[in-house]
Amino acid sequence: MNKHLRRKLEAENGKVLQQVSALPYRVRKNGSVQILLITTRETRRFTLPKGWLIKGKSPHKAAAIEAKQEAGVKGKIKPGPVGNYFYWKRGLSCFLPVRVTVYPLKAQTILSRWKERGQRLRKWLCPSEAALLVDEPQLVSLLRSFDGACSKRRTKHSSRDRSESVHSEFPDAQGIVGARAGNV
């Protein structure tokens with residue numbers, strides 16, 4: 001049985017399908033936080049990079065793989081999720097209920113070439129702007145709460161401390177393809 005049919009049957013039997021997502025973010029030199037959104041391939045709506053669980057990979061590692069393939073971004077991903085959201089995935093003949101677990105990914109390398117480059121657009125935005133562009137209400141809330149969490153962390157440190165931590169987070173990227181996230 002192919003995976004599309006299996007997922008459809010599971011959804012018809014009341015199962016909510018599971019996906020994982022990365023929430024790629026970067027800290028600018030001025031201490032502000034930006035989130036990377038991408039467009040979906042078919043409807044061109046803005047969302048986070050996401051996909052199905054990968055056999056043999058932990059959920060957060062699968063989310064990191066999706067971020068690289070769909071958004072062309074690599075970095076440090078945390079094993080603990082920042083939240084979840086629900087959406088209806090457009091299937092071949094029906095809509096499937098999907099719960100997405102979101103893992104924060106601190107961008108370190110932004111690739112100029114990646115697997116789905118010609119199929120998607122990407123855009124860096126502050127969290128409140130990103131929240132305005134996504135359709136899923138729970139994702140809107142998650143992005144807004146991420147903005148609040150980042151603001152609280154920024155106020156705990158002086159601007160000098162932030163500047164030093166940003167430089168240590170994005171060490172010299174000699175030999176790495178792409179640009180450093182802190183300077184893009």
# chains A, B, ... in the order shown; residues from 1 in each chain; ligands from 1
call {"tool": "closest_atom_pairs", "arguments": {"of": "segment 65-156 of chain A", "to": "segment 14-36 of chain A", "cutoff": "9 Å", "atoms": "only C-alpha atoms", "output": "Markdown table"}}
result
| residue | atom | partner | partner_atom | distance |
| --- | --- | --- | --- | --- |
| A:Ile65 | CA | A:Ala22 | CA | 8.8 |
| A:Glu66 | CA | A:Ser21 | CA | 7.3 |
| A:Ala67 | CA | A:Ala22 | CA | 6.0 |
| A:Ala71 | CA | A:Leu36 | CA | 8.0 |
| A:Val73 | CA | A:Pro24 | CA | 7.5 |
| A:Lys74 | CA | A:Pro24 | CA | 8.5 |
| A:Gly75 | CA | A:Pro24 | CA | 8.3 |
| A:Ile77 | CA | A:Ala22 | CA | 7.8 |
| A:Val82 | CA | A:Leu23 | CA | 8.7 |
| A:Asn84 | CA | A:Val20 | CA | 9.0 |
| A:Leu96 | CA | A:Leu17 | CA | 7.5 |
| A:Pro97 | CA | A:Val16 | CA | 5.3 |
| A:Val98 | CA | A:Leu17 | CA | 4.6 |
| A:Arg99 | CA | A:Gln18 | CA | 5.1 |
| A:Val100 | CA | A:Gln19 | CA | 4.7 |
| A:Thr101 | CA | A:Val20 | CA | 4.9 |
| A:Val102 | CA | A:Ser21 | CA | 4.7 |
| A:Tyr103 | CA | A:Ala22 | CA | 4.9 |
| A:Pro104 | CA | A:Leu23 | CA | 4.7 |
| A:Leu105 | CA | A:Pro24 | CA | 4.6 |
| A:Lys106 | CA | A:Tyr25 | CA | 5.2 |
| A:Ala107 | CA | A:Arg26 | CA | 5.5 |
| A:Gln108 | CA | A:Arg26 | CA | 7.8 |
| A:Arg122 | CA | A:Leu36 | CA | 6.7 |
| A:Lys123 | CA | A:Leu36 | CA | 5.6 |
| A:Trp124 | CA | A:Leu36 | CA | 4.5 |
| A:Leu125 | CA | A:Gln34 | CA | 5.0 |
| A:Cys126 | CA | A:Gln34 | CA | 4.4 |
| A:Pro127 | CA | A:Ile35 | CA | 5.9 |
| A:Ala130 | CA | A:Ile35 | CA | 7.0 |
| A:Leu143 | CA | A:Ile35 | CA | 8.6 |
| A:Asp147 | CA | A:Val33 | CA | 7.6 |
| A:Cys150 | CA | A:Val33 | CA | 7.0 |
| A:Ser151 | CA | A:Ser32 | CA | 8.2 |
| A:Arg154 | CA | A:Gly31 | CA | 6.8 |
call {"tool": "select_by_dssp", "arguments": {"residues": "segment 52-160 of chain A", "states": "helix (DSSP H, G or I)", "output": "ChimeraX atom specification"}}
result
/A:59-71,117-119,127-133,137-155,159-160
call {"tool": "closest_residue", "arguments": {"among": "A:Leu142, A:Leu53, A:Ile110, A:Ile38", "to": "Pro81 of chain A", "atoms": "only C-alpha atoms"}}
result
A:Leu142
call {"tool": "select_by_dssp", "arguments": {"residues": "segment 3-127 of chain A", "states": "strand (DSSP E or B)", "output": "PyMOL selection string"}}
result
chain A and resi 17-27+33-39+46-47+50-52+73-77+83-90+95-110+122-125
call {"tool": "atom_distance", "arguments": {"atom1": "atom CA of Lys8 of chain A", "atom2": "atom CA of Tyr85 of chain A"}}
result
19.7 Å
call {"tool": "closest_residue", "arguments": {"among": "A:Glu70, A:Tyr87, A:Met1, A:Phe146", "to": "Arg41 of chain A", "atoms": "only C-alpha atoms"}}
result
A:Glu70
call {"tool": "residues_around", "arguments": {"residues": "Arg45 of chain A", "least_positions_apart": "4", "cutoff": "10 Å", "atoms": "only C-alpha atoms", "output": "list in words"}}
result
Leu37, Ile38, Thr39, Thr40, Arg41, Arg120, Leu121, Leu133, Val134 and Asp135 of chain A
call {"tool": "closest_residue", "arguments": {"among": "A:Gln69, A:Thr43, A:Ser93, A:Ser58", "to": "Leu9 of chain A", "atoms": "only C-alpha atoms"}}
result
A:Ser93
